[in-house]
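To be precise, the following lines are structure_34.cif, and they hold mmCIF, C-alpha atoms and all ligand atoms.
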```cif
data_run
loop_
_atom_site.label_atom_id
_atom_site.label_comp_id
_atom_site.auth_asym_id
_atom_site.auth_seq_id
_atom_site.Cartn_x
_atom_site.Cartn_y
_atom_site.Cartn_z
CA MET A 281 194.55 88.90 103.83
CA SER A 282 194.01 86.69 100.84
CA THR A 283 197.02 85.68 98.83
CA MET A 284 195.26 84.22 95.82
CA ASN A 285 196.33 85.29 92.40
CA LYS A 286 193.18 86.82 90.94
CA ARG A 287 194.38 86.68 87.36
CA GLU A 288 194.45 82.90 87.21
CA ASN A 289 191.00 82.74 85.63
CA ALA A 290 190.69 86.25 84.31
CA GLY A 291 190.02 85.04 80.77
CA PHE A 292 192.28 87.38 78.87
CA PRO A 293 193.50 86.33 75.44
CA SER A 294 196.96 84.84 76.01
CA GLU A 295 198.90 87.59 74.23
CA ILE A 296 197.28 90.20 76.46
CA GLU A 297 197.77 88.01 79.53
CA ALA A 298 201.48 87.74 78.75
CA ALA A 299 201.85 91.50 78.44
CA LEU A 300 200.17 92.31 81.76
CA PRO A 301 201.99 92.98 85.01
CA ASP A 302 201.41 90.75 88.02
CA SER A 303 197.99 90.72 89.53
CA ARG A 304 197.07 92.41 92.75
CA VAL A 305 195.60 91.07 95.93
CA TYR A 306 192.23 91.92 97.45
CA GLN A 307 192.60 93.49 100.90
CA MET A 308 190.16 91.98 103.39
CA GLN A 309 188.43 94.68 105.41
CA LYS A 310 187.26 94.94 108.98
CA PRO A 311 183.52 95.23 109.68
CA SER A 312 182.44 98.80 110.26
CA PRO A 313 182.55 99.24 114.05
CA MET A 314 179.93 102.00 114.16
CA GLY A 315 177.37 100.97 111.60
CA ILE A 316 175.60 103.63 109.61
CA GLY A 317 172.26 103.59 111.38
CA ARG A 318 170.30 102.62 108.32
CA ARG A 319 169.36 99.63 106.23
CA VAL A 320 171.31 99.87 102.96
CA PHE A 321 171.25 97.80 99.77
CA SER A 322 173.66 98.76 97.00
CA ILE A 323 172.55 97.80 93.51
CA HIS A 324 175.89 98.58 91.88
CA ASN A 325 179.07 96.85 93.08
CA HIS A 326 181.78 95.49 90.81
CA VAL A 327 183.38 92.11 91.39
CA GLY A 328 186.56 90.57 90.04
CA ASP A 329 189.97 92.02 89.43
CA LEU A 330 190.85 94.29 86.58
CA ALA A 331 194.37 94.00 85.25
CA PRO A 332 196.55 97.12 85.30
CA TRP A 333 196.51 99.07 82.05
CA PRO A 334 198.42 102.00 80.51
CA TYR A 335 195.43 104.36 80.71
CA TYR A 336 195.29 107.53 78.62
CA GLU A 337 198.75 109.13 78.37
CA SER A 338 200.36 106.68 80.79
CA GLU A 339 203.30 104.70 79.49
CA GLU A 340 203.09 102.25 82.36
CA ALA A 341 200.25 99.96 83.27
CA PHE A 342 198.60 100.76 86.59
CA SER A 343 195.37 100.22 88.51
CA PRO A 344 193.40 103.34 89.41
CA ALA A 345 190.93 101.39 91.58
CA ASP A 346 191.27 98.57 94.13
CA PRO A 347 190.43 95.08 92.88
CA GLY A 348 186.80 94.00 93.30
CA PRO A 349 185.99 91.03 95.54
CA SER A 350 186.50 87.66 93.84
CA THR A 351 185.30 85.23 96.49
CA THR A 352 182.22 85.05 98.71
CA GLU A 353 184.48 85.69 101.69
CA GLU A 354 185.85 88.85 100.10
CA LEU A 355 182.42 90.03 99.00
CA ARG A 356 181.04 89.52 102.51
CA SER A 357 184.00 91.42 103.94
CA SER A 358 183.44 94.34 101.59
CA MET A 359 179.71 94.45 102.44
CA GLN A 360 180.25 94.22 106.20
CA ALA A 361 182.92 96.92 106.13
CA ARG A 362 180.33 99.31 104.74
CA GLY A 363 177.15 98.07 106.39
CA ILE A 364 175.63 96.90 103.09
CA GLU A 365 172.96 94.26 103.72
CA LYS A 366 172.27 93.25 100.11
CA THR A 367 174.16 93.96 96.92
CA LEU A 368 173.78 93.58 93.18
CA ILE A 369 177.12 92.63 91.66
CA ILE A 370 178.43 93.42 88.19
CA PRO A 371 181.61 92.36 86.37
CA ASN A 372 184.46 94.80 86.91
CA TYR A 373 185.46 96.56 83.70
CA GLY A 374 187.25 99.63 82.39
CA ILE A 375 190.07 98.52 80.11
CA PRO A 376 189.67 98.40 76.32
CA VAL A 377 189.59 94.61 76.02
CA GLN A 378 186.17 93.43 74.82
CA ALA A 379 186.46 89.93 76.31
CA GLN A 380 187.52 91.14 79.77
CA PRO A 381 184.15 91.93 81.43
CA PHE A 382 182.57 88.78 79.94
CA SER A 383 185.28 86.80 81.73
CA HIS A 384 183.70 87.76 85.09
CA ASN A 385 180.17 86.53 84.24
CA GLU A 386 180.85 83.09 85.68
CA LEU A 387 182.19 84.73 88.84
CA VAL A 388 178.95 86.73 89.13
CA VAL A 389 176.94 83.51 88.76
CA LYS A 390 179.08 81.76 91.38
CA LEU A 391 178.87 84.57 93.95
CA CYS A 392 175.11 84.90 93.34
CA GLY A 393 174.70 81.16 93.89
CA GLU A 394 176.61 81.35 97.17
CA GLY A 395 175.08 84.62 98.36
CA GLY A 396 171.66 83.40 99.43
CA ASP A 397 169.12 86.22 99.37
CA LYS A 398 171.84 88.84 99.96
CA VAL A 399 173.45 88.85 96.53
CA ALA A 400 171.90 89.46 93.11
CA GLY A 401 173.85 89.84 89.89
CA ALA A 402 173.99 91.42 86.45
CA LEU A 403 175.57 89.64 83.47
CA TRP A 404 177.75 91.54 81.05
CA VAL A 405 176.44 91.63 77.48
CA SER A 406 177.34 93.78 74.48
CA GLY A 407 175.51 95.09 71.44
CA LEU A 408 178.69 95.22 69.35
CA PRO A 409 178.49 92.58 66.61
CA GLN A 410 182.11 91.54 67.34
CA ASN A 411 180.87 90.34 70.75
CA ARG A 412 177.96 88.28 69.44
CA GLU A 413 179.22 84.87 70.53
CA LEU A 414 180.30 86.08 73.96
CA THR A 415 176.90 87.74 74.39
CA GLU A 416 175.02 84.61 73.32
CA SER A 417 176.97 82.59 75.91
CA ALA A 418 176.21 85.19 78.57
CA LEU A 419 172.49 85.03 77.81
CA GLN A 420 172.66 81.26 78.37
CA LEU A 421 173.35 82.07 82.03
CA LEU A 422 170.02 83.87 82.49
CA GLY A 423 167.83 81.93 84.86
CA LYS A 424 170.73 80.97 87.13
CA PRO A 425 169.94 81.70 90.80
CA ASN A 426 169.75 85.41 91.67
CA ILE A 427 170.73 86.70 88.22
CA ARG A 428 168.42 89.71 88.10
CA ALA A 429 169.83 92.08 85.47
CA LEU A 430 172.00 92.56 82.41
CA LYS A 431 174.73 95.18 82.18
CA MET A 432 175.78 97.15 79.09
CA SER A 433 178.22 99.99 78.60
CA TYR A 434 179.03 101.98 75.48
CA ILE A 435 182.32 103.11 77.03
CA LEU A 436 183.86 100.14 75.22
CA GLY A 437 182.36 101.19 71.88
CA GLY A 438 179.07 101.70 70.08
CA THR A 439 176.24 104.06 70.91
CA ALA A 440 172.98 103.94 72.80
CA ASP A 441 171.15 105.73 69.99
CA PRO A 442 169.27 103.10 67.94
CA ASN A 443 169.03 105.52 65.00
CA LYS A 444 172.77 105.01 64.54
CA TRP A 445 172.84 101.20 64.66
CA ASP A 446 173.55 99.22 61.52
CA GLU A 447 171.55 96.10 60.73
CA GLN A 448 173.79 93.68 62.66
CA THR A 449 174.00 95.96 65.69
CA LEU A 450 170.24 96.36 65.69
CA ARG A 451 169.70 92.59 65.52
CA GLN A 452 172.10 92.01 68.40
CA HIS A 453 170.52 94.65 70.60
CA GLU A 454 167.07 93.27 69.91
CA MET A 455 168.26 89.76 70.83
CA ILE A 456 169.52 91.13 74.18
CA PHE A 457 166.40 93.21 74.80
CA ARG A 458 164.09 90.25 74.03
CA ALA A 459 165.94 88.14 76.60
CA ALA A 460 165.65 90.87 79.26
CA VAL A 461 161.92 91.29 78.59
CA GLU A 462 161.38 87.53 78.64
CA TYR A 463 163.02 87.28 82.07
CA ASP A 464 161.45 90.59 83.15
CA ILE A 465 164.80 91.99 84.32
CA PRO A 466 166.26 95.48 83.83
CA ILE A 467 169.32 96.27 81.75
CA GLN A 468 171.72 98.54 83.61
CA PHE A 469 173.24 101.01 81.15
CA HIS A 470 176.26 103.17 81.98
CA THR A 471 175.61 106.86 81.25
CA SER A 472 178.20 109.62 80.92
CA PRO A 473 178.13 112.90 79.03
CA GLY A 474 179.08 112.94 75.35
CA GLY A 475 179.85 110.15 72.89
CA GLY A 476 178.02 106.83 72.82
CA SER A 477 176.99 106.96 76.50
CA ASP A 478 175.23 110.34 76.32
CA ILE A 479 171.70 110.38 77.70
CA THR A 480 170.29 111.83 74.49
CA GLY A 481 171.01 108.46 72.84
CA PHE A 482 169.22 106.69 75.69
CA PHE A 483 166.17 108.91 75.24
CA GLU A 484 165.93 107.53 71.69
CA MET A 485 166.35 103.98 73.00
CA ILE A 486 163.68 104.52 75.65
CA LYS A 487 161.28 105.98 73.09
CA ARG A 488 161.67 102.89 70.93
CA TYR A 489 161.93 100.08 73.49
CA GLY A 490 161.20 101.49 76.95
CA LYS A 491 157.56 100.47 77.28
CA GLU A 492 158.55 96.80 77.33
CA LEU A 493 162.20 96.94 78.36
CA LYS A 494 163.20 98.00 81.88
CA VAL A 495 165.96 100.58 81.28
CA HIS A 496 168.10 101.32 84.33
CA LEU A 497 170.17 104.46 83.72
CA VAL A 498 173.26 104.09 85.88
CA HIS A 499 174.72 107.38 87.24
CA MET A 500 171.43 109.27 86.85
CA GLY A 501 172.09 110.32 83.27
CA GLY A 502 175.80 111.03 83.73
CA GLY A 503 177.27 114.42 84.66
CA THR A 504 175.81 117.92 84.71
CA SER A 505 174.19 117.94 81.27
CA GLY A 506 172.91 114.40 81.72
CA HIS A 507 171.34 115.23 85.09
CA ILE A 508 169.65 118.36 83.76
CA ARG A 509 168.30 116.53 80.73
CA LEU A 510 167.15 113.61 82.86
CA LEU A 511 165.44 115.79 85.47
CA SER A 512 163.61 117.66 82.71
CA GLN A 513 162.27 114.42 81.16
CA TRP A 514 161.68 112.35 84.30
CA LYS A 515 158.00 113.11 84.85
CA ASP A 516 157.10 112.58 81.18
CA MET A 517 159.00 109.30 80.97
CA VAL A 518 157.41 107.84 84.10
CA GLU A 519 153.91 109.11 83.35
CA GLY A 520 154.28 108.13 79.71
CA GLY A 521 154.53 104.49 80.78
CA TYR A 522 158.26 104.04 80.17
CA ARG A 523 159.97 101.58 82.48
CA VAL A 524 162.90 103.74 83.53
CA TYR A 525 165.02 103.24 86.67
CA LEU A 526 167.92 105.20 88.13
CA ASP A 527 170.68 104.92 90.65
CA THR A 528 172.43 107.76 92.42
CA SER A 529 176.04 106.62 91.93
CA TRP A 530 178.39 109.31 90.54
CA ALA A 531 175.60 111.88 90.42
CA ILE A 532 177.03 115.28 91.21
CA GLY A 533 176.10 118.44 93.06
CA PHE A 534 172.50 119.51 92.72
CA ALA A 535 171.26 116.34 91.04
CA VAL A 536 170.40 113.99 93.90
CA ARG A 537 169.03 116.80 96.04
CA LYS A 538 166.77 118.01 93.25
CA LEU A 539 165.60 114.53 92.36
CA LEU A 540 164.78 113.65 95.98
CA GLN A 541 162.89 116.90 96.47
CA GLU A 542 160.85 116.19 93.34
CA LEU A 543 160.14 112.59 94.38
CA ASP A 544 159.04 113.80 97.80
CA ARG A 545 156.85 116.56 96.37
CA THR A 546 155.19 114.68 93.51
CA GLY A 547 155.72 110.98 94.23
CA ILE A 548 156.32 110.51 90.49
CA GLY A 549 158.81 107.70 90.03
CA ALA A 550 159.44 107.38 93.78
CA ASP A 551 159.62 103.62 93.27
CA ARG A 552 162.28 103.88 90.49
CA VAL A 553 165.36 105.35 92.18
CA MET A 554 167.95 103.27 94.04
CA PHE A 555 171.19 103.64 95.92
CA GLY A 556 174.36 102.25 94.36
CA CYS A 557 177.88 102.80 95.66
CA ASP A 558 179.79 101.62 92.55
CA GLU A 559 182.71 100.30 94.62
CA PRO A 560 185.56 99.94 93.93
CA TRP A 561 185.34 102.75 91.35
CA SER A 562 183.45 105.19 93.55
CA ASP A 563 183.53 105.26 97.36
CA PHE A 564 180.74 104.14 99.65
CA GLU A 565 181.01 106.97 102.16
CA SER A 566 180.52 109.87 99.79
CA GLU A 567 177.82 108.00 97.88
CA PHE A 568 175.99 107.29 101.15
CA TRP A 569 176.14 110.84 102.48
CA LYS A 570 175.07 112.35 99.17
CA VAL A 571 171.64 110.76 99.78
CA GLN A 572 171.60 110.64 103.57
CA GLY A 573 172.61 114.29 103.89
CA VAL A 574 169.81 115.74 101.76
CA LYS A 575 167.75 118.02 103.98
CA GLY A 576 164.01 118.62 103.98
CA VAL A 577 163.04 115.30 102.37
CA SER A 578 160.92 112.69 104.12
CA ASP A 579 162.62 109.65 105.57
CA GLU A 580 160.18 107.49 103.61
CA ILE A 581 161.83 108.61 100.36
CA LYS A 582 165.30 107.83 101.72
CA GLU A 583 164.13 104.40 102.92
CA ARG A 584 162.86 103.67 99.42
CA ILE A 585 166.13 104.76 97.85
CA PHE A 586 168.44 103.03 100.32
CA TRP A 587 166.69 99.66 100.14
CA GLY A 588 162.92 99.51 99.56
CA ASN A 589 162.96 100.03 95.81
CA ALA A 590 165.93 97.71 95.35
CA GLU A 591 164.05 94.97 97.22
CA GLU A 592 161.15 95.33 94.77
CA VAL A 593 163.20 95.68 91.59
CA TYR A 594 166.16 93.36 92.18
CA PHE A 595 165.72 91.11 95.21
CA LYS A 596 162.11 89.91 95.17
CA LYS A 597 161.78 86.26 94.12
ZN ZN B 1 180.13 100.87 87.85
#
```
Let me see the structure of the file written as structure tokens.
Ligand SMILES: [Zn+2]
Amino acid sequence: MSTMNKRENAGFPSEIEAALPDSRVYQMQKPSPMGIGRRVFSIHNHVGDLAPWPYYESEEAFSPADPGPSTTEELRSSMQARGIEKTLIIPNYGIPVQAQPFSHNELVVKLCGEGGDKVAGALWVSGLPQNRELTESALQLLGKPNIRALKMSYILGGTADPNKWDEQTLRQHEMIFRAAVEYDIPIQFHTSPGGGSDITGFFEMIKRYGKELKVHLVHMGGGTSGHIRLLSQWKDMVEGGYRVYLDTSWAIGFAVRKLLQELDRTGIGADRVMFGCDEPWSDFESEFWKVQGVKGVSDEIKERIFWGNAEEVYFKK
């Protein structure tokens, strides 16, 4: 068990740092004794601790999820415990402090540098004008070894719909998108139903930018309405020449089954869907079985989703 204090370099503004409770400790995990009988890459794993926070109606700060790994040793432990061969890591986030996820970008770079061909990373950037300087610094890290994506989330403010951006917001998004196109890397966007993360906003973004920009819609469109809307547009987006990618994390009920059946039947976009476990916010086991357990779909499709597509999109030199 590690005893390091993970908050030492967490990068919070000092007044926030002072108000936070003590940090937590990452629990090292034993390698999975059974294995899962399959090659698995996860293209969505968060690294770095996230300070406790008084979420929603809570009057006390607490941590809903375990801390993410913060050292190569911890990352390796978390991968071995689940039988993950390669992973794409992303700054941990989820509290309403704009600077917080940026503070893990250097950690992502460090773990990617130490991870050989097993670890790729996404840098946190933001289209909110208030985060312009932090975003410019993050973009300076593009080109570091194994940095293969950018990550954006409108959970912390703003909207995916470019029709609603003001001039400054537009300029900042276009700066980010130009960098991603220049490096030919996807941007992973969080999707969830309603508000700024709703898939209808992303449809507008894809219409405007998606022929050049690789748009990775995390969580398959986000929730029931997002899945239905996504499934209804999938064929047209792929055949229309839009560079859209998906992962299966957090997808619910019918969604993964339906998508896999369609990929198997038509082949349309079969190279665009990837497995992500979103630890420590989701759990590997249920994410794994949601794909593994789908009946009546060829193993070739599952091989693509569990690792083949990720190798092409995120791990190829
Ligand atoms: Zn996530």
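Closest approach to ligand ZN 1 (chain B) among A:Gly328, A:Gly573, A:Pro371, A:Gly317 is made by A:Pro371 (distances from only C-alpha atoms and all ligand atoms).
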Expected answer as a compact mmCIF listing (two decimals) with C-alpha atoms, in the coordinates of the input: all residues with atoms within 10 Å of (168.0, 105.0, 100.2), all atoms listed in the file:
```txt
# COMPACT_ATOMS: atom_id res chain seq x y z
CA ARG A 318 170.30 102.62 108.32
CA ARG A 319 169.36 99.63 106.23
CA VAL A 320 171.31 99.87 102.96
CA PHE A 321 171.25 97.80 99.77
CA SER A 322 173.66 98.76 97.00
CA ASP A 527 170.68 104.92 90.65
CA THR A 528 172.43 107.76 92.42
CA VAL A 553 165.36 105.35 92.18
CA MET A 554 167.95 103.27 94.04
CA PHE A 555 171.19 103.64 95.92
CA GLY A 556 174.36 102.25 94.36
CA PHE A 568 175.99 107.29 101.15
CA VAL A 571 171.64 110.76 99.78
CA GLN A 572 171.60 110.64 103.57
CA ASP A 579 162.62 109.65 105.57
CA GLU A 580 160.18 107.49 103.61
CA ILE A 581 161.83 108.61 100.36
CA LYS A 582 165.30 107.83 101.72
CA GLU A 583 164.13 104.40 102.92
CA ARG A 584 162.86 103.67 99.42
CA ILE A 585 166.13 104.76 97.85
CA PHE A 586 168.44 103.03 100.32
CA TRP A 587 166.69 99.66 100.14
CA GLY A 588 162.92 99.51 99.56
CA ASN A 589 162.96 100.03 95.81
CA ALA A 590 165.93 97.71 95.35
```
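One distance worth recording is that between CA of Leu436 (chain A) and CA of Lys390 (chain A), which is 24.9 Å.
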Worksheet entry | Residue among A:Leu511, A:Gly474, A:Tyr489, A:Leu421 lying closest to Leu540 (chain A), counting all atoms listed in the file |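 Ranking A:Leu511, A:Gly474, A:Tyr489, A:Leu421 by distance to Leu540 (chain A), first place goes to A:Leu511.
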Worksheet entry | Å distance separating CA of Lys570 (chain A) from CA of Val536 (chain A), one decimal place | 7.2 Å
Item to complete: Name the residues, by chain letter and number, that sit within 7 Å of ligand ZN 1 (chain B) using only C-alpha atoms and all ligand atoms, and give them as number ranges by chain.
Response: A: 324-326, 558, 561
Centre, x/y/z edge lengths, axis-aligned box for region 537-555 of chain A with 4 Å per side, as JSON:
```
{"center_x": 163.2, "center_y": 110.6, "center_z": 93.9, "size_x": 24.0, "size_y": 22.7, "size_z": 15.8}
```
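Our summary of the geometry notes that CA of Tyr522 (chain A) is positioned 7.1 Å from CA of Ile486 (chain A).
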So that I can see what lies close to Gly549 (chain A), please list as a short mmCIF file (atom, residue, chain, number, x, y, z; two decimals) with C-alpha atoms, keeping the file's coordinate frame the residues with an atom at most 8 Å from it, counting all atoms listed in the file and leaving out residues fewer than 2 positions away in the same chain.
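Result file is result-v6.cif:
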```
data_model
loop_
_atom_site.label_atom_id
_atom_site.label_comp_id
_atom_site.auth_asym_id
_atom_site.auth_seq_id
_atom_site.Cartn_x
_atom_site.Cartn_y
_atom_site.Cartn_z
CA TRP A 514 161.68 112.35 84.30
CA LYS A 515 158.00 113.11 84.85
CA VAL A 518 157.41 107.84 84.10
CA LEU A 543 160.14 112.59 94.38
CA GLY A 547 155.72 110.98 94.23
CA ASP A 551 159.62 103.62 93.27
CA ARG A 552 162.28 103.88 90.49
CA VAL A 553 165.36 105.35 92.18
#
```
Name the residues, using the chain letters and numbers of the file, that sit within 8 Å of (166.3, 88.7, 91.1) when counting only C-alpha atoms, and give them as a compact mmCIF listing (two decimals) with C-alpha atoms, in the coordinates of the input.
```txt
# COMPACT_ATOMS: atom_id res chain seq x y z
CA ALA A 400 171.90 89.46 93.11
CA GLY A 401 173.85 89.84 89.89
CA PRO A 425 169.94 81.70 90.80
CA ASN A 426 169.75 85.41 91.67
CA ILE A 427 170.73 86.70 88.22
CA ARG A 428 168.42 89.71 88.10
CA ALA A 429 169.83 92.08 85.47
CA ILE A 465 164.80 91.99 84.32
CA VAL A 593 163.20 95.68 91.59
CA TYR A 594 166.16 93.36 92.18
CA PHE A 595 165.72 91.11 95.21
CA LYS A 596 162.11 89.91 95.17
CA LYS A 597 161.78 86.26 94.12
```
Fill in: Test item: residues at most 12 Å from Asp446 (chain A), all atoms listed in the file, excluding those fewer than 6 positions along its chain, as number ranges by chain
A: 407-409, 438-439, 452-453
Discussion item. Using only C-alpha atoms, can you tell me which of A:Met455, A:Ile532, A:Cys392, A:Ile370 comes closest to Ser433 (chain A)?
Written reply: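 The shortest atom-to-atom distance to Ser433 (chain A) comes from A:Ile370.
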Discussion item. Measuring between only C-alpha atoms, which one of A:Ala418, A:Met517, A:Ala531, A:Ala550 shows the shortest distance to Ala379 (chain A)?
Written reply: A:Ala418
Worksheet item: Hey, what's within 8 Å of region 498-510 of chain A if we count all atoms listed in the file and toss same-chain stuff fewer than 4 positions away? As a PyMOL selection string, please?
Response: chain A and resi 468-473+478-479+514+526-532+535
Worksheet item: Of the candidates A:Glu416, A:Glu591, A:Glu386, A:Glu542, which shows the shortest atom-to-atom distance to Thr367 (chain A), using all atoms listed in the file?
Response: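 Closest residue, counting all atoms listed in the file: A:Glu591.
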Worksheet item: Which is closer to Phe382 (chain A) than all the others in A:Leu403, A:Gly396, A:Leu368, A:Asp464, using only C-alpha atoms?
Response: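 For Phe382 (chain A), the nearest of the given residues is A:Leu403.
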